[in-house]
file protein-v4.pdb (PDB, C-alpha atoms)
ATOM      1  CA  ARG Q 174       0.000   0.000   0.000
ATOM      2  CA  GLY Q 175       1.434   3.366  -1.023
ATOM      3  CA  LYS Q 176       2.281   5.755   1.799
ATOM      4  CA  ASN Q 177      -0.517   8.193   2.678
ATOM      5  CA  LYS Q 178      -2.234   7.635  -0.662
ATOM      6  CA  GLY Q 179      -4.196   4.447  -0.137
ATOM      7  CA  ALA Q 180      -2.803   3.149  -3.434
ATOM      8  CA  CYS Q 181      -2.100  -0.559  -3.732
ATOM      9  CA  PHE Q 182       0.628  -2.027  -5.872
ATOM     10  CA  SER Q 183       2.720  -5.163  -6.079
ATOM     11  CA  THR Q 184       6.158  -4.865  -4.453
ATOM     12  CA  PHE Q 185       7.443  -8.121  -5.965
ATOM     13  CA  VAL Q 186       7.505  -9.834  -9.336
ATOM     14  CA  ASP Q 187       5.331 -12.949  -9.291
ATOM     15  CA  PHE Q 188       4.337 -14.361 -12.663
ATOM     16  CA  ASP Q 189       1.244 -16.224 -11.461
ATOM     17  CA  PHE Q 190      -0.067 -13.145  -9.652
ATOM     18  CA  ASN Q 191       0.547 -10.872 -12.646
ATOM     19  CA  LEU Q 192      -1.009 -13.357 -15.059
ATOM     20  CA  SER Q 193      -4.125 -13.752 -12.909
ATOM     21  CA  LEU Q 194      -4.492  -9.968 -12.668
ATOM     22  CA  THR Q 195      -3.990  -9.504 -16.409
ATOM     23  CA  ARG Q 196      -6.523 -12.205 -17.262
ATOM     24  CA  ALA Q 197      -9.061 -10.720 -14.852
ATOM     25  CA  LEU Q 198      -8.702  -7.222 -16.307
ATOM     26  CA  LEU Q 199      -8.928  -8.454 -19.891
ATOM     27  CA  ARG Q 200     -11.999 -10.580 -19.179
ATOM     28  CA  HIS Q 201     -13.829  -7.918 -17.131
ATOM     29  CA  ASP Q 202     -13.071  -4.812 -19.208
ATOM     30  CA  PHE Q 203     -12.649  -6.220 -22.722
ATOM     31  CA  GLY Q 204     -14.286  -9.624 -22.786
ATOM     32  CA  VAL Q 205     -10.911 -11.038 -23.839
ATOM     33  CA  GLU Q 206      -9.645 -14.492 -22.915
ATOM     34  CA  LEU Q 207      -5.910 -15.124 -22.610
ATOM     35  CA  PRO Q 208      -5.672 -18.915 -22.349
ATOM     36  CA  VAL Q 209      -1.998 -19.258 -23.279
ATOM     37  CA  LEU Q 210       0.868 -17.334 -21.704
ATOM     38  CA  PRO Q 211       3.758 -19.597 -20.646
ATOM     39  CA  GLU Q 212       5.813 -18.763 -17.584
ATOM     40  CA  GLY Q 213       8.968 -16.917 -18.540
ATOM     41  CA  THR Q 214       7.244 -14.809 -21.200
ATOM     42  CA  LEU Q 215       6.311 -11.161 -20.775
ATOM     43  CA  CYS Q 216       2.989 -10.668 -18.977
ATOM     44  CA  PRO Q 217       1.692  -7.332 -20.278
ATOM     45  CA  PRO Q 218       0.316  -4.659 -17.902
ATOM     46  CA  VAL Q 219      -3.085  -3.894 -19.422
ATOM     47  CA  PRO Q 220      -3.488  -0.184 -18.445
ATOM     48  CA  ASN Q 221      -0.074   0.696 -19.866
ATOM     49  CA  ARG Q 222      -0.788  -1.121 -23.127
ATOM     50  CA  LEU Q 223      -4.204   0.511 -23.437
ATOM     51  CA  ASN Q 224      -2.596   3.952 -23.047
ATOM     52  CA  TYR Q 225      -0.467   3.230 -26.102
ATOM     53  CA  VAL Q 226      -3.533   2.124 -28.099
ATOM     54  CA  CYS Q 227      -5.389   5.317 -27.163
ATOM     55  CA  TRP Q 228      -2.411   7.400 -28.254
ATOM     56  CA  ILE Q 229      -2.490   5.684 -31.655
ATOM     57  CA  ARG Q 230      -6.083   6.833 -31.930
ATOM     58  CA  GLU Q 231      -5.031  10.435 -31.184
ATOM     59  CA  LEU Q 232      -2.302  10.291 -33.815
ATOM     60  CA  LEU Q 233      -4.697   9.117 -36.493
ATOM     61  CA  ASN Q 234      -7.032  11.928 -35.502
ATOM     62  CA  CYS Q 235      -4.395  14.370 -36.776
ATOM     63  CA  PHE Q 236      -5.307  13.557 -40.359
ATOM     64  CA  LEU Q 237      -9.071  13.882 -40.122
ATOM     65  CA  ASP Q 238     -10.773  16.778 -41.861
ATOM     66  CA  GLY Q 239     -12.720  19.229 -39.754
ATOM     67  CA  GLU Q 240     -12.376  20.001 -36.069
ATOM     68  CA  ASN Q 241     -14.262  17.069 -34.571
ATOM     69  CA  ASP Q 242     -12.644  14.364 -32.482
ATOM     70  CA  PHE Q 243     -11.874  10.973 -33.938
ATOM     71  CA  ASP Q 244     -14.938   9.563 -35.672
ATOM     72  CA  LEU Q 245     -14.820   6.057 -37.068
ATOM     73  CA  GLN Q 246     -17.699   6.854 -39.383
ATOM     74  CA  ALA Q 247     -15.800   9.788 -40.918
ATOM     75  CA  GLY Q 248     -13.460   7.670 -43.005
ATOM     76  CA  ASN Q 249     -11.112   5.838 -40.630
ATOM     77  CA  GLU Q 250     -13.157   2.759 -39.878
ATOM     78  CA  HIS Q 251     -10.981   0.497 -42.040
ATOM     79  CA  CYS Q 252      -7.594   1.235 -40.478
ATOM     80  CA  GLN Q 253      -4.759  -1.278 -40.605
ATOM     81  CA  GLY Q 254      -1.879  -1.502 -38.169
ATOM     82  CA  ILE Q 255       1.308  -3.490 -37.592
ATOM     83  CA  ASP Q 256       2.474  -4.760 -34.207
ATOM     84  CA  ILE Q 257       6.194  -5.545 -34.404
ATOM     85  CA  GLY Q 258       7.198  -8.124 -31.789
ATOM     86  CA  THR Q 259       3.681  -9.016 -30.711
ATOM     87  CA  GLY Q 260       4.834 -11.613 -28.163
ATOM     88  CA  ALA Q 261       2.956 -14.622 -26.863
ATOM     89  CA  SER Q 262       0.051 -12.528 -25.570
ATOM     90  CA  CYS Q 263      -0.608 -10.612 -28.817
ATOM     91  CA  ILE Q 264      -1.867  -7.941 -26.447
ATOM     92  CA  TYR Q 265      -1.980  -4.865 -28.688
ATOM     93  CA  PRO Q 266      -4.011  -6.446 -31.512
ATOM     94  CA  LEU Q 267      -6.374  -8.002 -28.967
ATOM     95  CA  LEU Q 268      -6.952  -4.651 -27.236
ATOM     96  CA  ILE Q 269      -7.457  -2.798 -30.517
ATOM     97  CA  CYS Q 270     -10.038  -5.316 -31.688
ATOM     98  CA  THR Q 271     -11.996  -5.368 -28.410
ATOM     99  CA  ALA Q 272     -11.747  -1.839 -26.899
ATOM    100  CA  ARG Q 273     -15.160  -0.335 -26.154
ATOM    101  CA  ASP Q 274     -16.564   3.083 -25.299
ATOM    102  CA  PRO Q 275     -18.452   3.745 -22.022
ATOM    103  CA  LYS Q 276     -21.683   2.586 -23.690
ATOM    104  CA  GLY Q 277     -20.170  -0.760 -24.625
ATOM    105  CA  LYS Q 278     -19.788  -0.057 -28.346
ATOM    106  CA  LEU Q 279     -16.631  -1.299 -30.052
ATOM    107  CA  LEU Q 280     -14.279   1.597 -30.744
ATOM    108  CA  PHE Q 281     -12.549  -0.008 -33.719
ATOM    109  CA  PRO Q 282     -14.984  -2.604 -35.105
ATOM    110  CA  LYS Q 283     -13.348  -2.892 -38.534
ATOM    111  CA  TRP Q 284      -9.692  -2.287 -37.762
ATOM    112  CA  ARG Q 285      -7.300  -5.076 -38.710
ATOM    113  CA  MET Q 286      -3.841  -5.904 -37.425
ATOM    114  CA  LEU Q 287      -0.722  -7.633 -38.674
ATOM    115  CA  ALA Q 288       1.180  -9.117 -35.720
ATOM    116  CA  THR Q 289       4.751 -10.361 -36.216
ATOM    117  CA  ASP Q 290       7.410 -12.001 -34.065
ATOM    118  CA  ILE Q 291      10.682 -13.880 -34.524
ATOM    119  CA  GLU Q 292       9.954 -16.623 -31.961
ATOM    120  CA  PRO Q 293       7.962 -19.653 -33.200
ATOM    121  CA  ALA Q 294       6.773 -20.384 -29.657
ATOM    122  CA  SER Q 295       5.414 -16.850 -29.264
ATOM    123  CA  ILE Q 296       3.664 -17.048 -32.629
ATOM    124  CA  SER Q 297       2.049 -20.353 -31.627
ATOM    125  CA  CYS Q 298       0.744 -18.837 -28.375
ATOM    126  CA  ALA Q 299      -0.429 -15.664 -30.125
ATOM    127  CA  LEU Q 300      -2.401 -17.719 -32.645
ATOM    128  CA  GLU Q 301      -4.112 -19.617 -29.830
ATOM    129  CA  ASN Q 302      -5.021 -16.396 -28.017
ATOM    130  CA  VAL Q 303      -6.414 -14.858 -31.213
ATOM    131  CA  SER Q 304      -8.401 -18.011 -31.978
ATOM    132  CA  ALA Q 305      -9.805 -18.149 -28.426
ATOM    133  CA  ASN Q 306     -11.393 -14.731 -29.051
ATOM    134  CA  SER Q 307     -12.613 -15.538 -32.594
ATOM    135  CA  LEU Q 308     -10.514 -12.704 -34.062
ATOM    136  CA  GLY Q 309      -8.727 -14.611 -36.780
ATOM    137  CA  GLN Q 310     -10.430 -12.549 -39.482
ATOM    138  CA  ARG Q 311      -9.063  -9.306 -38.058
ATOM    139  CA  ILE Q 312      -5.667 -10.286 -36.667
ATOM    140  CA  ASN Q 313      -3.058 -11.885 -38.921
ATOM    141  CA  VAL Q 314      -0.162 -13.416 -36.984
ATOM    142  CA  HIS Q 315       3.050 -14.071 -38.891
ATOM    143  CA  LEU Q 316       6.479 -15.485 -38.058
ATOM    144  CA  VAL Q 317       9.502 -13.463 -39.221
ATOM    145  CA  SER Q 318      12.738 -15.305 -39.954
ATOM    146  CA  VAL Q 319      15.368 -14.916 -37.216
ATOM    147  CA  ASP Q 320      18.125 -15.124 -39.835
ATOM    148  CA  ALA Q 321      16.549 -12.294 -41.809
ATOM    149  CA  ALA Q 322      16.114 -10.200 -38.674
ATOM    150  CA  GLU Q 323      19.742 -10.716 -37.635
ATOM    151  CA  LYS Q 324      21.019  -9.339 -40.933
ATOM    152  CA  ASN Q 325      20.017  -5.839 -39.841
ATOM    153  CA  ASN Q 326      22.845  -5.154 -37.389
ATOM    154  CA  ASP Q 327      24.537  -2.085 -38.864
ATOM    155  CA  GLU Q 328      23.986   0.869 -36.541
ATOM    156  CA  SER Q 329      26.390   3.200 -38.331
ATOM    157  CA  ASP Q 330      23.889   5.355 -40.228
ATOM    158  CA  LEU Q 331      20.377   5.591 -41.584
ATOM    159  CA  ASP Q 332      21.327   4.431 -45.076
ATOM    160  CA  GLY Q 333      21.763   0.730 -44.382
ATOM    161  CA  VAL Q 334      20.258  -1.547 -47.006
ATOM    162  CA  ALA Q 335      19.453  -4.553 -44.807
ATOM    163  CA  ALA Q 336      15.786  -5.082 -44.048
ATOM    164  CA  GLY Q 337      14.829  -4.144 -40.497
ATOM    165  CA  PRO Q 338      11.935  -5.422 -38.373
ATOM    166  CA  LEU Q 339       9.367  -3.193 -40.063
ATOM    167  CA  GLN Q 340      10.443  -4.092 -43.592
ATOM    168  CA  LEU Q 341      10.312  -7.779 -42.676
ATOM    169  CA  ALA Q 342       6.775  -7.289 -41.355
ATOM    170  CA  LEU Q 343       5.737  -5.567 -44.576
ATOM    171  CA  ASP Q 344       7.295  -8.382 -46.584
ATOM    172  CA  ALA Q 345       5.145 -10.765 -44.584
ATOM    173  CA  ALA Q 346       2.072  -8.746 -45.525
ATOM    174  CA  ASP Q 347       3.028  -8.679 -49.206
ATOM    175  CA  ASN Q 348       4.009 -12.311 -49.504
ATOM    176  CA  SER Q 349       1.636 -14.202 -47.260
ATOM    177  CA  ILE Q 350      -1.268 -12.128 -46.019
ATOM    178  CA  ARG Q 351      -4.293 -10.726 -47.792
ATOM    179  CA  MET Q 352      -5.245  -7.459 -46.136
ATOM    180  CA  ASP Q 353      -7.367  -4.554 -47.290
ATOM    181  CA  ASP Q 354      -5.140  -2.582 -49.649
ATOM    182  CA  THR Q 355      -7.773  -1.343 -52.071
ATOM    183  CA  LYS Q 356      -7.200   2.313 -51.181
ATOM    184  CA  ALA Q 357      -3.707   3.496 -52.146
ATOM    185  CA  LYS Q 358      -2.348   6.295 -49.955
ATOM    186  CA  ASP Q 359      -0.253   9.234 -51.118
ATOM    187  CA  GLY Q 360       0.305   7.799 -54.579
ATOM    188  CA  ILE Q 361       1.511   4.368 -53.424
ATOM    189  CA  SER Q 362       0.482   1.464 -55.624
ATOM    190  CA  SER Q 363      -2.513  -0.409 -54.262
ATOM    191  CA  SER Q 364      -0.702  -3.663 -55.088
ATOM    192  CA  MET Q 365       1.326  -3.101 -51.914
ATOM    193  CA  SER Q 366      -0.244  -3.327 -48.472
ATOM    194  CA  CYS Q 367      -0.452   0.097 -46.831
ATOM    195  CA  PHE Q 368      -0.872   0.710 -43.127
ATOM    196  CA  ASP Q 369      -2.112   3.535 -40.977
ATOM    197  CA  PHE Q 370       0.357   2.877 -38.172
ATOM    198  CA  ALA Q 371       3.157   0.648 -36.951
ATOM    199  CA  MET Q 372       3.682   0.080 -33.241
ATOM    200  CA  THR Q 373       6.251  -1.736 -31.135
ATOM    201  CA  ASN Q 374       7.218  -2.359 -27.553
ATOM    202  CA  PRO Q 375      10.941  -2.879 -28.267
ATOM    203  CA  PRO Q 376      13.409  -5.033 -26.341
ATOM    204  CA  PHE Q 377      14.607  -2.714 -23.583
ATOM    205  CA  TYR Q 378      18.058  -4.198 -22.921
ATOM    206  CA  GLU Q 379      21.258  -4.582 -24.930
ATOM    207  CA  THR Q 380      22.701  -7.589 -23.074
ATOM    208  CA  LYS Q 381      21.348 -10.628 -21.252
ATOM    209  CA  GLU Q 382      23.273  -9.565 -18.148
ATOM    210  CA  GLU Q 383      21.548  -6.178 -18.124
ATOM    211  CA  ALA Q 384      18.157  -7.855 -18.406
ATOM    212  CA  MET Q 385      18.917 -10.100 -15.413
ATOM    213  CA  GLU Q 386      20.199  -7.393 -13.057
ATOM    214  CA  VAL Q 387      18.018  -6.568 -10.053
ATOM    215  CA  ARG Q 388      16.318  -3.194 -10.117
ATOM    216  CA  LYS Q 389      18.547  -0.462  -8.718
ATOM    217  CA  GLY Q 390      15.721   1.352  -6.959
ATOM    218  CA  ASP Q 391      14.200  -1.401  -4.830
ATOM    219  CA  GLY Q 392      16.252  -4.527  -5.524
ATOM    220  CA  ARG Q 393      13.376  -6.409  -7.161
ATOM    221  CA  SER Q 394      13.947  -8.941  -9.906
ATOM    222  CA  ARG Q 395      13.300  -7.931 -13.505
ATOM    223  CA  THR Q 396      10.004  -8.842 -15.138
ATOM    224  CA  ASP Q 397       9.915 -12.293 -16.716
ATOM    225  CA  MET Q 398      10.458 -12.237 -20.486
ATOM    226  CA  THR Q 399      12.075 -14.261 -23.225
ATOM    227  CA  PHE Q 400      15.443 -13.304 -24.692
ATOM    228  CA  SER Q 401      13.941 -11.746 -27.826
ATOM    229  CA  GLU Q 402      11.329  -9.876 -25.768
ATOM    230  CA  GLY Q 403      13.945  -8.285 -23.536
ATOM    231  CA  VAL Q 404      17.247  -8.106 -25.415
ATOM    232  CA  TYR Q 405      18.329  -6.516 -28.695
ATOM    233  CA  GLN Q 406      22.081  -6.912 -28.981
ATOM    234  CA  HIS Q 407      22.516  -4.103 -31.503
ATOM    235  CA  GLY Q 408      21.736  -1.185 -29.218
ATOM    236  CA  GLY Q 409      18.835  -2.176 -26.977
ATOM    237  CA  GLU Q 410      15.579  -0.285 -27.346
ATOM    238  CA  LEU Q 411      17.162   2.686 -29.096
ATOM    239  CA  GLY Q 412      18.996   0.475 -31.578
ATOM    240  CA  PHE Q 413      15.805  -1.442 -32.351
ATOM    241  CA  VAL Q 414      13.824   1.716 -33.101
ATOM    242  CA  LYS Q 415      16.691   3.112 -35.170
ATOM    243  CA  SER Q 416      16.426   0.001 -37.335
ATOM    244  CA  ILE Q 417      12.726   0.775 -37.820
ATOM    245  CA  LEU Q 418      13.688   4.343 -38.709
ATOM    246  CA  LYS Q 419      15.972   3.011 -41.458
ATOM    247  CA  ASP Q 420      13.044   1.053 -42.844
ATOM    248  CA  SER Q 421      10.775   4.081 -42.639
ATOM    249  CA  PHE Q 422      13.067   6.185 -44.833
ATOM    250  CA  ARG Q 423      12.868   3.528 -47.519
ATOM    251  CA  ILE Q 424       9.110   2.988 -47.470
ATOM    252  CA  GLN Q 425       8.043   6.518 -46.394
ATOM    253  CA  ASN Q 426       4.256   6.954 -46.758
ATOM    254  CA  ARG Q 427       3.442   3.302 -47.046
ATOM    255  CA  VAL Q 428       2.901   3.603 -43.289
ATOM    256  CA  ARG Q 429       1.183   6.734 -41.978
ATOM    257  CA  TRP Q 430       2.571   6.827 -38.420
ATOM    258  CA  TYR Q 431       5.683   5.046 -37.186
ATOM    259  CA  THR Q 432       5.523   4.677 -33.408
ATOM    260  CA  SER Q 433       7.332   3.079 -30.506
ATOM    261  CA  MET Q 434       7.288   2.871 -26.736
ATOM    262  CA  PHE Q 435      10.451   3.516 -24.718
ATOM    263  CA  ALA Q 436      11.334   2.519 -21.173
ATOM    264  CA  ARG Q 437      13.964   5.214 -20.765
ATOM    265  CA  LYS Q 438      13.522   8.942 -21.225
ATOM    266  CA  SER Q 439      17.115   9.127 -22.457
ATOM    267  CA  SER Q 440      16.130   6.891 -25.387
ATOM    268  CA  LEU Q 441      13.199   9.161 -26.184
ATOM    269  CA  VAL Q 442      15.394  12.274 -26.184
ATOM    270  CA  ALA Q 443      18.062  10.591 -28.309
ATOM    271  CA  MET Q 444      15.499   9.346 -30.832
ATOM    272  CA  GLU Q 445      13.849  12.745 -31.121
ATOM    273  CA  ASN Q 446      17.250  14.305 -31.835
ATOM    274  CA  ILE Q 447      17.974  11.666 -34.474
ATOM    275  CA  LEU Q 448      14.665  12.380 -36.191
ATOM    276  CA  ARG Q 449      15.300  16.129 -36.233
ATOM    277  CA  GLU Q 450      18.841  15.666 -37.539
ATOM    278  CA  ALA Q 451      17.367  13.469 -40.276
ATOM    279  CA  GLY Q 452      15.267  16.419 -41.437
ATOM    280  CA  LEU Q 453      11.822  15.775 -39.959
ATOM    281  CA  GLY Q 454      10.058  18.934 -38.794
ATOM    282  CA  TYR Q 455       8.294  19.513 -35.499
ATOM    283  CA  ARG Q 456       4.898  18.846 -37.096
ATOM    284  CA  ASN Q 457       6.045  15.374 -38.135
ATOM    285  CA  ILE Q 458       7.301  14.218 -34.721
ATOM    286  CA  LYS Q 459       5.152  13.617 -31.663
ATOM    287  CA  THR Q 460       6.065  12.400 -28.191
ATOM    288  CA  THR Q 461       4.113  11.484 -25.100
ATOM    289  CA  ARG Q 462       4.423   9.963 -21.638
ATOM    290  CA  PHE Q 463       2.457   6.939 -20.426
ATOM    291  CA  GLN Q 464       2.000   7.138 -16.652
ATOM    292  CA  GLN Q 465       0.371   4.276 -14.761
ATOM    293  CA  GLY Q 466       0.959   4.097 -11.016
ATOM    294  CA  LYS Q 467       4.684   3.962 -10.333
ATOM    295  CA  THR Q 468       5.591   2.999 -13.894
ATOM    296  CA  THR Q 469       6.434   5.585 -16.545
ATOM    297  CA  ARG Q 470       6.938   4.830 -20.214
ATOM    298  CA  PHE Q 471       7.440   7.144 -23.175
ATOM    299  CA  GLY Q 472       6.093   7.190 -26.704
ATOM    300  CA  ILE Q 473       7.493   8.585 -29.935
ATOM    301  CA  ALA Q 474       5.925   8.827 -33.387
ATOM    302  CA  TRP Q 475       7.001  10.203 -36.738
ATOM    303  CA  THR Q 476       5.374  10.563 -40.142
ATOM    304  CA  PHE Q 477       6.369  11.601 -43.640
ATOM    305  CA  SER Q 478       2.859  12.804 -44.433
ATOM    306  CA  VAL Q 479       1.839  16.448 -44.229
ATOM    307  CA  VAL Q 480       0.314  16.996 -40.781
ATOM    308  CA  PRO Q 481      -2.490  19.610 -40.740
ATOM    309  CA  LEU Q 482      -1.657  22.725 -38.753
ATOM    310  CA  ARG Q 483      -4.702  22.285 -36.552
ATOM    311  CA  SER Q 484      -3.191  19.125 -35.078
ATOM    312  CA  VAL Q 485       0.060  20.744 -33.952
ATOM    313  CA  GLY Q 486       0.331  20.768 -30.181
ATOM    314  CA  LYS Q 487      -2.187  17.984 -29.640
TER     315      LYS Q 487
END

call {"tool": "encode", "arguments": {"input": "protein-v4.pdb", "output": "structure tokens"}}
result
Amino acid sequence: RGKNKGACFSTFVDFDFNLSLTRALLRHDFGVELPVLPEGTLCPPVPNRLNYVCWIRELLNCFLDGENDFDLQAGNEHCQGIDIGTGASCIYPLLICTARDPKGKLLFPKWRMLATDIEPASISCALENVSANSLGQRINVHLVSVDAAEKNNDESDLDGVAAGPLQLALDAADNSIRMDDTKAKDGISSSMSCFDFAMTNPPFYETKEEAMEVRKGDGRSRTDMTFSEGVYQHGGELGFVKSILKDSFRIQNRVRWYTSMFARKSSLVAMENILREAGLGYRNIKTTRFQQGKTTRFGIAWTFSVVPLRSVGK
């Protein structure tokens, strides 16, 4: 119990406790079942993940005509998104497909998601969780080759030619998945799948040792997660998002908003500086903070599309 605030929070990391809490929240607030989440995989905190989903909604609102808030009936009811590194839970696609307004109406009834991961075990679990909620028609889960993903390990500049995690996800959409690409955006051929947003919760750590260290603040153990969920050996979370940035410069407006969550504010600041040095203006970069209880995360987004002036500062 928090001092003088009456707030309750867990002071230890216990997978069974966290899984039970996550399942209860998903079932009560979203009608979502999460039958498969093996011990040792990342158990997602639902409020934090929902904050990210709601921010995606705000970003897409930037491109709506008029001054009204986001309106699914005003032309954005058929959005498509990519979740890079969806994990065993497939939490972001599940939340997007089941989120409801206070009256119980689905917020995104026709949105569809492409969910990718490099771990076969995670893909198998994600497929089971999607199937358990009868969302197979709206969520496409696809395995990305580890060998292909490992080829993108050059952090030297933004001109690398190796395919990064986003490009590999798009290749999966082009080669194996039929998604709604009937409306070409910004002059892009409709023969290629186009997406309204890409999102990722990147591996936070650069080494296995870093991921296993106890927390400096209170000495608690780190949250359970697989190696690929927690470690990216080519620069940690910042290196992972930089690899997505490389992809974004190649594909440009094929994706409307490129987004990521960060665990560290230093990564957010560094990424924002990289984007500005790469020539993106202030209207094309947005940042935010996700605050839930004692946990703070940060979000960054960039776009190559022209952002209406009315959206600046939102």

call {"tool": "closest_residue", "arguments": {"input": "protein-v4.pdb", "among": "Q:Ser304, Q:Thr271, Q:Ser295, Q:Ser433", "to": "Q:Trp475", "atoms": "all atoms listed in the file"}}
result
Q:Ser433

call {"tool": "resolve_selection", "arguments": {"input": "protein-v4.pdb", "expression": "the PyMOL selection byres ((chain Q and resi 421) around 10)", "output": "list in words"}}
result
Leu331, Gly337, Leu339, Gln340, Lys415, Ser416, Ile417, Leu418, Lys419, Asp420, Phe422, Arg423, Ile424, Gln425, Asn426, Arg427, Val428, Arg429, Trp430, Tyr431, Trp475, Thr476 and Phe477 of chain Q

call {"tool": "resolve_selection", "arguments": {"input": "protein-v4.pdb", "expression": "the PyMOL selection byres ((chain Q and resi 264) around 10)", "output": "number ranges by chain"}}
result
Q: 199, 205, 207, 216-219, 222-223, 256, 259-263, 265-269, 288, 299, 302-303

call {"tool": "residues_near_point", "arguments": {"input": "protein-v4.pdb", "point": "(-6.1, 3.4, -43.8)", "cutoff": "6 Å", "atoms": "only C-alpha atoms", "output": "NGL selection string"}}
result
:Q and (251-253 or 368-369)

call {"tool": "atom_distance", "arguments": {"input": "protein-v4.pdb", "atom1": "atom CA of Q:Asp202", "atom2": "atom CA of Q:Phe236"}}
result
29.1 Å

call {"tool": "resolve_selection", "arguments": {"input": "protein-v4.pdb", "expression": "the PyMOL selection byres ((chain Q and resi 211) around 10)", "output": "ChimeraX atom specification"}}
result
/Q:188,192,208-210,212-216,261-262,294-295,298,398

call {"tool": "closest_residue", "arguments": {"input": "protein-v4.pdb", "among": "Q:Lys283, Q:His315, Q:Lys459, Q:Lys276", "to": "Q:Cys235", "atoms": "all atoms listed in the file"}}
result
Q:Lys459

call {"tool": "atom_distance", "arguments": {"input": "protein-v4.pdb", "atom1": "atom CA of Q:Trp284", "atom2": "atom CA of Q:Pro376"}}
result
25.9 Å

call {"tool": "atom_distance", "arguments": {"input": "protein-v4.pdb", "atom1": "atom CA of Q:Pro338", "atom2": "atom CA of Q:Val317"}}
result
8.4 Å

call {"tool": "closest_residue", "arguments": {"input": "protein-v4.pdb", "among": "Q:Ala335, Q:Ala197, Q:Met434, Q:Leu448", "to": "Q:Thr461", "atoms": "all atoms listed in the file"}}
result
Q:Met434

call {"tool": "closest_residue", "arguments": {"input": "protein-v4.pdb", "among": "Q:Gly309, Q:Arg470, Q:Leu287, Q:Leu300", "to": "Q:Ala346", "atoms": "only C-alpha atoms"}}
result
Q:Leu287

call {"tool": "closest_residue", "arguments": {"input": "protein-v4.pdb", "among": "Q:Ile255, Q:Leu341, Q:Ala336, Q:Cys227", "to": "Q:Asn313", "atoms": "all atoms listed in the file"}}
result
Q:Ile255

call {"tool": "residues_around", "arguments": {"input": "protein-v4.pdb", "residues": "Q:Phe435", "least_positions_apart": "4", "cutoff": "8 Å", "atoms": "all atoms listed in the file", "output": "number ranges by chain"}}
result
Q: 374-375, 377, 410, 440-441, 470-473

call {"tool": "axis_aligned_box", "arguments": {"input": "protein-v4.pdb", "around": "stretch 299-304 of chain Q", "padding_each_side": "3 Å", "output": "AutoDock Vina command-line options"}}
result
--center_x -4.4 --center_y -17.2 --center_z -30.3 --size_x 14.0 --size_y 10.8 --size_z 10.6
